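Shown next: input_16.cif, given as mmCIF, C-alpha atoms and all ligand atoms.
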data_my_file
#
loop_
_atom_site.label_atom_id
_atom_site.label_comp_id
_atom_site.auth_asym_id
_atom_site.auth_seq_id
_atom_site.Cartn_x
_atom_site.Cartn_y
_atom_site.Cartn_z
CA MET M 376 -85.76 32.88 -100.96
CA HIS M 377 -82.73 30.63 -101.36
CA ALA M 378 -80.18 33.19 -100.09
CA CYS M 379 -77.07 31.27 -101.14
CA GLY M 380 -75.39 34.01 -103.19
CA HIS M 381 -75.80 32.27 -106.55
CA ASP M 382 -76.69 35.52 -108.29
CA ALA M 383 -73.35 36.90 -107.06
CA HIS M 384 -71.56 33.74 -108.31
CA THR M 385 -73.04 34.17 -111.77
CA ALA M 386 -72.16 37.86 -111.90
CA MET M 387 -68.58 37.22 -110.74
CA LEU M 388 -67.93 34.42 -113.24
CA ALA M 389 -69.46 36.43 -116.09
CA SER M 390 -67.20 39.36 -115.16
CA ALA M 391 -64.16 37.06 -114.98
CA ALA M 392 -65.01 35.70 -118.44
CA HIS M 393 -65.19 39.28 -119.73
CA LEU M 394 -61.86 40.17 -118.07
CA LEU M 395 -60.00 37.09 -119.32
CA SER M 396 -61.42 37.29 -122.86
CA GLU M 397 -59.98 40.78 -123.18
CA ARG M 398 -56.52 39.37 -122.68
CA ALA M 399 -57.12 35.99 -124.33
CA GLU M 400 -54.09 36.46 -126.61
CA ASN M 401 -51.80 36.48 -123.57
CA ILE M 402 -53.31 33.38 -121.99
CA SER M 403 -51.56 30.15 -122.85
CA GLY M 404 -54.39 27.66 -122.64
CA ASN M 405 -58.14 27.17 -122.81
CA VAL M 406 -60.52 28.34 -120.12
CA LEU M 407 -64.09 27.06 -119.87
CA PHE M 408 -66.67 28.95 -117.80
CA MET M 409 -69.37 26.64 -116.51
CA PHE M 410 -72.66 28.28 -115.51
CA GLN M 411 -74.85 25.58 -114.05
CA PRO M 412 -78.49 25.55 -113.01
CA GLY M 413 -79.95 23.66 -110.07
CA GLU M 414 -77.00 23.61 -107.64
CA GLU M 415 -79.39 23.24 -104.75
CA GLY M 416 -81.09 19.88 -104.83
CA TYR M 417 -81.41 19.31 -108.59
CA GLY M 418 -77.83 18.25 -109.33
CA GLY M 419 -77.38 20.55 -112.32
CA ALA M 420 -73.60 20.07 -112.31
CA LYS M 421 -73.86 16.29 -112.74
CA ILE M 422 -76.32 16.64 -115.63
CA MET M 423 -74.02 19.09 -117.40
CA LEU M 424 -71.02 16.81 -116.80
CA ASP M 425 -72.86 13.77 -118.13
CA GLU M 426 -73.84 15.78 -121.20
CA GLY M 427 -70.10 16.40 -121.78
CA VAL M 428 -70.01 20.16 -121.29
CA LEU M 429 -66.40 20.07 -120.08
CA GLU M 430 -65.14 17.56 -122.62
CA ALA M 431 -66.38 19.03 -125.88
CA GLY M 432 -62.74 19.89 -126.57
CA GLU M 433 -59.79 18.78 -124.49
CA LYS M 434 -60.32 17.22 -121.09
CA PRO M 435 -59.80 19.90 -118.41
CA ASP M 436 -56.60 19.72 -116.33
CA SER M 437 -58.30 21.25 -113.33
CA VAL M 438 -61.58 22.75 -112.15
CA PHE M 439 -62.31 25.47 -109.60
CA ALA M 440 -65.35 27.07 -107.98
CA LEU M 441 -65.92 29.97 -105.63
CA HIS M 442 -68.89 30.18 -103.25
CA VAL M 443 -69.76 33.09 -100.96
CA ALA M 444 -69.33 32.58 -97.20
CA PRO M 445 -70.77 35.06 -94.67
CA GLU M 446 -68.65 33.17 -92.10
CA LEU M 447 -65.48 34.79 -93.52
CA PRO M 448 -64.58 38.51 -93.47
CA SER M 449 -65.37 40.35 -96.67
CA GLY M 450 -62.89 39.68 -99.47
CA VAL M 451 -61.01 36.89 -97.66
CA ILE M 452 -60.55 33.57 -99.47
CA GLY M 453 -60.95 30.34 -97.48
CA CYS M 454 -59.91 26.92 -98.68
CA ARG M 455 -58.42 23.63 -97.50
CA SER M 456 -57.12 20.38 -98.93
CA GLY M 457 -59.32 17.28 -98.45
CA PRO M 458 -63.00 17.47 -97.52
CA ILE M 459 -64.39 21.02 -97.62
CA LEU M 460 -68.12 20.20 -97.73
CA ALA M 461 -70.13 17.18 -96.63
CA ALA M 462 -72.26 14.58 -98.36
CA ALA M 463 -75.96 15.17 -97.69
CA ASP M 464 -78.51 12.37 -97.75
CA THR M 465 -82.10 12.32 -96.56
CA VAL M 466 -83.98 9.58 -94.73
CA LEU M 467 -87.77 9.81 -94.67
CA GLY M 468 -88.96 7.51 -91.88
CA ARG M 469 -92.44 6.37 -90.95
CA ILE M 470 -93.41 4.45 -87.83
CA ILE M 471 -96.68 2.65 -88.20
CA GLY M 472 -98.65 1.65 -85.13
CA GLN M 473 -102.29 1.46 -84.32
CA GLY M 474 -104.39 4.44 -83.31
CA GLY M 475 -106.65 4.49 -80.29
CA HIS M 476 -108.01 6.38 -77.28
CA GLY M 477 -105.38 8.30 -75.34
CA SER M 478 -106.66 6.82 -72.07
CA MET M 479 -106.20 3.21 -73.23
CA PRO M 480 -102.73 2.90 -74.78
CA HIS M 481 -102.68 -0.85 -74.10
CA ASN M 482 -105.38 -1.26 -76.75
CA ALA M 483 -103.35 0.70 -79.31
CA ALA M 484 -99.77 0.64 -80.64
CA ASP M 485 -98.50 4.14 -79.93
CA PRO M 486 -95.88 5.37 -82.46
CA VAL M 487 -95.03 8.54 -80.47
CA PRO M 488 -92.73 7.10 -77.74
CA VAL M 489 -91.19 4.80 -80.38
CA ALA M 490 -90.42 7.81 -82.61
CA CYS M 491 -88.79 9.53 -79.60
CA GLU M 492 -86.69 6.42 -78.98
CA VAL M 493 -85.57 6.42 -82.62
CA VAL M 494 -84.45 10.07 -82.32
CA GLN M 495 -82.34 9.25 -79.25
CA ALA M 496 -80.93 6.08 -80.82
CA ILE M 497 -79.77 8.03 -83.90
CA GLN M 498 -77.66 10.32 -81.69
CA THR M 499 -76.24 7.28 -79.86
CA LEU M 500 -75.33 5.76 -83.25
CA VAL M 501 -73.53 8.99 -84.22
CA THR M 502 -71.43 9.15 -81.05
CA ARG M 503 -70.76 5.41 -80.53
CA GLN M 504 -70.13 4.11 -84.04
CA PHE M 505 -68.26 6.92 -85.78
CA SER M 506 -64.78 8.19 -85.15
CA VAL M 507 -64.54 11.80 -83.98
CA PHE M 508 -61.80 12.14 -86.61
CA ASP M 509 -64.21 11.31 -89.46
CA PRO M 510 -67.36 12.89 -88.03
CA VAL M 511 -70.97 12.68 -89.14
CA VAL M 512 -74.09 14.73 -88.38
CA ALA M 513 -77.65 13.39 -88.20
CA THR M 514 -80.47 15.87 -87.60
CA VAL M 515 -84.14 15.01 -87.30
CA GLY M 516 -85.49 18.21 -88.79
CA ARG M 517 -89.15 17.23 -88.81
CA ILE M 518 -91.07 14.92 -86.51
CA GLN M 519 -94.81 14.75 -86.84
CA ALA M 520 -97.59 12.66 -85.33
CA GLY M 521 -101.12 13.08 -84.12
CA THR M 522 -103.67 15.84 -84.01
CA THR M 523 -104.68 16.31 -80.38
CA ASN M 524 -103.91 15.37 -76.76
CA ASN M 525 -106.21 12.42 -76.20
CA VAL M 526 -105.90 10.45 -79.44
CA ILE M 527 -103.13 7.95 -80.09
CA PRO M 528 -102.15 8.47 -83.74
CA GLU M 529 -101.78 5.75 -86.30
CA SER M 530 -98.29 6.74 -87.39
CA ALA M 531 -95.35 9.10 -86.84
CA GLU M 532 -93.03 10.61 -89.43
CA LEU M 533 -89.37 11.58 -89.14
CA ASP M 534 -87.44 13.57 -91.78
CA ILE M 535 -83.73 13.24 -91.20
CA THR M 536 -80.70 14.84 -92.85
CA LEU M 537 -77.39 12.94 -92.80
CA ARG M 538 -74.01 14.63 -93.30
CA SER M 539 -70.67 12.88 -93.71
CA LEU M 540 -67.19 13.60 -95.05
CA SER M 541 -66.21 10.29 -96.63
CA GLU M 542 -67.95 7.65 -98.75
CA ASP M 543 -67.28 5.01 -96.07
CA THR M 544 -69.04 6.92 -93.26
CA ARG M 545 -71.74 8.01 -95.69
CA GLU M 546 -72.71 4.40 -96.39
CA ARG M 547 -72.48 3.31 -92.74
CA LEU M 548 -74.51 6.29 -91.51
CA ALA M 549 -77.28 5.75 -94.06
CA SER M 550 -77.57 2.03 -93.36
CA GLY M 551 -77.32 2.56 -89.57
CA VAL M 552 -80.06 5.21 -89.46
CA CYS M 553 -82.31 3.23 -91.82
CA GLY M 554 -81.80 0.16 -89.61
CA LEU M 555 -82.86 2.05 -86.47
CA VAL M 556 -85.98 3.48 -88.11
CA GLU M 557 -86.94 0.04 -89.42
CA GLN M 558 -86.03 -2.12 -86.43
CA ILE M 559 -86.74 -0.16 -83.23
CA PRO M 560 -90.50 -0.13 -84.04
CA VAL M 561 -90.37 -3.91 -84.57
CA ALA M 562 -88.96 -4.37 -81.05
CA HIS M 563 -92.11 -2.62 -79.77
CA GLY M 564 -94.53 -4.52 -82.00
CA LEU M 565 -94.89 -1.70 -84.58
CA GLN M 566 -93.54 -1.35 -88.10
CA GLY M 567 -90.89 0.98 -89.50
CA GLU M 568 -90.57 2.16 -93.11
CA VAL M 569 -87.77 4.19 -94.67
CA LYS M 570 -87.08 5.95 -97.91
CA LEU M 571 -83.41 6.89 -98.48
CA LYS M 572 -82.92 9.82 -100.85
CA ARG M 573 -79.33 10.26 -101.98
CA GLY M 574 -78.00 13.81 -102.13
CA TYR M 575 -74.56 15.00 -103.21
CA PRO M 576 -71.28 13.25 -102.38
CA PRO M 577 -68.70 14.94 -100.13
CA THR M 578 -66.75 17.75 -101.82
CA ILE M 579 -63.11 16.68 -101.58
CA ASN M 580 -60.47 19.18 -102.66
CA HIS M 581 -57.31 17.87 -104.30
CA ALA M 582 -54.09 18.96 -102.58
CA ALA M 583 -52.70 20.48 -105.80
CA GLY M 584 -55.95 22.39 -106.42
CA ALA M 585 -56.03 23.80 -102.88
CA GLU M 586 -52.40 24.82 -103.36
CA VAL M 587 -53.32 26.80 -106.51
CA VAL M 588 -56.10 28.61 -104.60
CA ALA M 589 -53.74 29.47 -101.71
CA LYS M 590 -51.01 30.68 -104.07
CA ALA M 591 -53.40 32.80 -106.16
CA ALA M 592 -55.12 34.30 -103.09
CA LYS M 593 -51.86 35.19 -101.33
CA ALA M 594 -50.38 36.74 -104.48
CA LEU M 595 -53.55 38.76 -105.08
CA LEU M 596 -54.52 39.70 -101.52
CA GLY M 597 -51.48 39.12 -99.31
CA GLU M 598 -51.16 36.60 -96.47
CA GLU M 599 -54.10 38.11 -94.57
CA GLY M 600 -56.34 37.67 -97.62
CA TYR M 601 -56.15 33.88 -97.42
CA ARG M 602 -57.46 31.69 -94.62
CA LEU M 603 -56.59 28.00 -94.38
CA MET M 604 -59.89 26.58 -93.13
CA PRO M 605 -59.32 24.35 -90.09
CA ASP M 606 -62.58 22.47 -90.68
CA PRO M 607 -64.97 21.73 -93.53
CA PHE M 608 -68.51 23.12 -93.60
CA MET M 609 -71.15 20.39 -93.24
CA ALA M 610 -73.27 21.93 -96.01
CA SER M 611 -73.25 20.21 -99.40
CA GLU M 612 -72.54 21.11 -103.02
CA ASP M 613 -72.81 19.47 -106.43
CA PHE M 614 -69.36 20.73 -107.47
CA SER M 615 -68.38 17.51 -105.67
CA TYR M 616 -69.14 15.65 -108.93
CA LEU M 617 -66.54 17.72 -110.79
CA LEU M 618 -63.90 17.00 -108.16
CA GLN M 619 -64.63 13.26 -108.47
CA ARG M 620 -63.52 13.49 -112.11
CA TYR M 621 -60.92 16.25 -112.22
CA ASN M 622 -58.14 17.76 -110.15
CA GLY M 623 -59.08 21.06 -108.57
CA ALA M 624 -60.62 22.78 -105.59
CA PHE M 625 -63.72 24.49 -104.24
CA ALA M 626 -63.06 27.71 -102.32
CA PHE M 627 -65.01 30.25 -100.33
CA LEU M 628 -65.14 34.03 -100.70
CA GLY M 629 -65.86 35.93 -97.47
CA VAL M 630 -68.82 38.29 -97.84
CA ALA M 631 -69.63 39.29 -94.24
CA PRO M 632 -70.74 42.95 -94.37
CA PRO M 633 -68.26 45.17 -92.47
CA GLY M 634 -68.98 45.15 -88.73
CA THR M 635 -70.74 41.77 -88.82
CA GLU M 636 -67.63 39.52 -88.86
CA GLY M 637 -68.21 36.37 -86.83
CA LYS M 638 -71.95 37.00 -86.48
CA ALA M 639 -73.21 37.54 -90.04
CA ALA M 640 -76.34 35.57 -90.95
CA PRO M 641 -75.36 32.38 -92.82
CA CYS M 642 -76.38 31.31 -96.34
CA HIS M 643 -80.06 30.22 -96.48
CA SER M 644 -80.99 32.69 -93.71
CA ASN M 645 -83.51 35.33 -94.77
CA HIS M 646 -81.12 37.84 -93.14
CA MET M 647 -78.12 36.74 -95.26
CA LEU M 648 -76.34 39.63 -97.02
CA VAL M 649 -73.48 39.72 -99.52
CA ASP M 650 -71.04 42.60 -99.06
CA GLU M 651 -70.91 43.52 -102.74
CA ASP M 652 -67.41 45.02 -102.41
CA ALA M 653 -66.18 41.43 -102.06
CA MET M 654 -67.38 40.64 -105.57
CA ALA M 655 -64.44 42.48 -107.14
CA VAL M 656 -62.16 40.11 -105.19
CA GLY M 657 -64.19 37.14 -106.47
CA VAL M 658 -63.78 38.27 -110.09
CA ALA M 659 -60.04 38.83 -109.59
CA MET M 660 -59.70 35.43 -107.86
CA HIS M 661 -61.26 33.59 -110.80
CA ALA M 662 -58.78 35.32 -113.09
CA ALA M 663 -55.85 34.77 -110.70
CA ILE M 664 -56.59 31.04 -110.47
CA VAL M 665 -56.57 30.79 -114.28
CA LEU M 666 -53.24 32.64 -114.54
CA THR M 667 -51.70 30.61 -111.69
CA CYS M 668 -52.69 27.37 -113.37
CA LEU M 669 -51.66 28.27 -116.88
CA ASP M 670 -48.40 30.11 -116.48
CA GLY M 671 -47.68 30.39 -112.79
CA SER M 672 -48.05 34.18 -112.80
CA VAL M 673 -50.77 36.27 -111.21
ZN ZN L 701 -77.50 26.94 -100.82
ZN ZN L 702 -74.95 27.49 -102.78
#
If you took the structure in this file and wrote it as structure tokens, what would it be?
Amino acid sequence: MHACGHDAHTAMLASAAHLLSERAENISGNVLFMFQPGEEGYGGAKIMLDEGVLEAGEKPDSVFALHVAPELPSGVIGCRSGPILAAADTVLGRIIGQGGHGSMPHNAADPVPVACEVVQAIQTLVTRQFSVFDPVVATVGRIQAGTTNNVIPESAELDITLRSLSEDTRERLASGVCGLVEQIPVAHGLQGEVKLKRGYPPTINHAAGAEVVAKAAKALLGEEGYRLMPDPFMASEDFSYLLQRYNGAFAFLGVAPPGTEGKAAPCHSNHMLVDEDAMAVGVAMHAAIVLTCLDGSV
């Protein structure tokens, strides 16, 4: 189960398309509704962009997206100018030593302590080489070596996710982590191999786009219906490719079921729930953003 609310996104955008088409005569402009596949890992947005889905007619003036957020109270819109989601890259590391008997490590080249050293060094890299004002996250989500207590394994594997909020830190983090995985083993007489798999770029909202979201949300829901997000989420999203090309913004729709505010299970959790009452707000927000952009009214 993916548990990211994408079925709710599709339903809300389809409903907004229905709503806006009914009053198409009163709308002074063109509205495109983009339903993309493969948001999670397959980069469906980029493929659709490259195929020209948004430029079959006129080039769009701005683009918007709404994603559910169990972190926000139901029906509340959250947005911010600048980075709102992180870039996500993956490093697959392998430390190659020489297997042997657990009682005679001097006759082997043990990758296990070297892998542990790499894990520690990655966290030192994060805290010593990156500004706290342009932060990064590196998580070793999988570390695997060996089969039993008294055998030194041949190799150790590390799967690492890297998160960053700017292209500069993204490049430096990837090359720094790859360097540690490759070079720390060499210092111990072993070998390090890396495979860098690029994910999505950071999702950076344009100031004018974030302004449209705030204006539409406040007009529709009142001041308490809009939350200026103090921080980005370090998750990642392929809407980032749209914001590299066009003005606009990515926003969140709170879906925490009543009574679970502040402790609702996040997206990707098998306990994640969408408060379906929030979907009416999502539909109205899509429409309100269109009306705010095209004629300034909501
Ligand atoms: Zn997801
Ligand atoms: Zn998602």
Once you count only C-alpha atoms, which residues end up no further than 12 Å from (-74.5, 8.6, -80.5) in the file's frame, shown as a ChimeraX atom specification? /M:493-507,510-514,548,551-552
Residues within 10 Å of ligand ZN 701 (chain L) (only C-alpha atoms and all ligand atoms), as an NGL selection string? :M and (377-381 or 414-416 or 442-443 or 610-612 or 641-644)
Between M:Met409, M:Ala444, M:Val428, M:Ile452, which residue has the minimum interatomic distance to ligand ZN 702 (chain L), considering all atoms listed in the file?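 Of M:Met409, M:Ala444, M:Val428, M:Ile452, the one nearest ligand ZN 702 (chain L), counting all atoms listed in the file, is M:Ala444.
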With a distance cut-off of 9 Å and all atoms listed in the file, select the neighbouring residues of Val466 of chain M, excluding the residue or stretch itself and same-chain residues fewer than 2 positions from it, and output the selection as a list in words.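 Returned residues: Asp464, Gly468, Leu533, Asp534, Ile535, Thr536, Leu537, Ala549, Val552, Cys553, Val569, Lys570, Leu571, Lys572 and Arg573 of chain M.
Distances to ligand ZN 702 (chain L) were evaluated for M:Ser449, M:Gln473, M:Ser456, M:Gln411 using all atoms listed in the file, and the minimum falls at M:Gln411.
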Residues within 7 Å of (-72.5, 18.7, -94.2), file coordinates, counting all atoms listed in the file: what are they? Give the list as a ChimeraX atom specification. /M:460-463,538-539,608-611
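If only C-alpha atoms are the atoms counted, then among M:Gly634, M:Asp613, M:Arg517, M:Ile402 the closest residue to Tyr417 of chain M is M:Asp613.
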Pick from M:Gly413, M:Val526, M:Thr544, M:Glu492, whichever lies nearest to Phe508 of chain M using all atoms listed in the file: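 Under the stated criterion, the closest residue is M:Thr544.
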Work out how far atom CA of Met647 of chain M is from atom CA of Phe627 of chain M, in Å to one decimal.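 Interatomic distance here is 15.5 Å.
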Which residue, M:Leu666, M:Leu628, M:Val487, M:Val656, has the smallest gap to ligand ZN 702 (chain L) when you use only C-alpha atoms and all ligand atoms?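 Among the listed residues, M:Leu628 lies closest to ligand ZN 702 (chain L).
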Could you list, as JSON, numbers by chain, every residue within 12 Å of Asn482 of chain M, counting all atoms listed in the file and ignoring same-chain residues fewer than 5 positions away? {"M": [472, 473, 474, 475, 476, 477, 527]}
Do you have the atom CA of Gly432 of chain M-atom CA of His393 of chain M distance handy?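 Taking atom CA of Gly432 of chain M as the start and atom CA of His393 of chain M as the end point, the length is 20.7 Å.
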Measuring between only C-alpha atoms, which one of M:Leu596, M:Val561, M:Val588, M:Met604 shows the shortest distance to Ala655 of chain M?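 Among M:Leu596, M:Val561, M:Val588, M:Met604, it is M:Leu596 that comes nearest to Ala655 of chain M.
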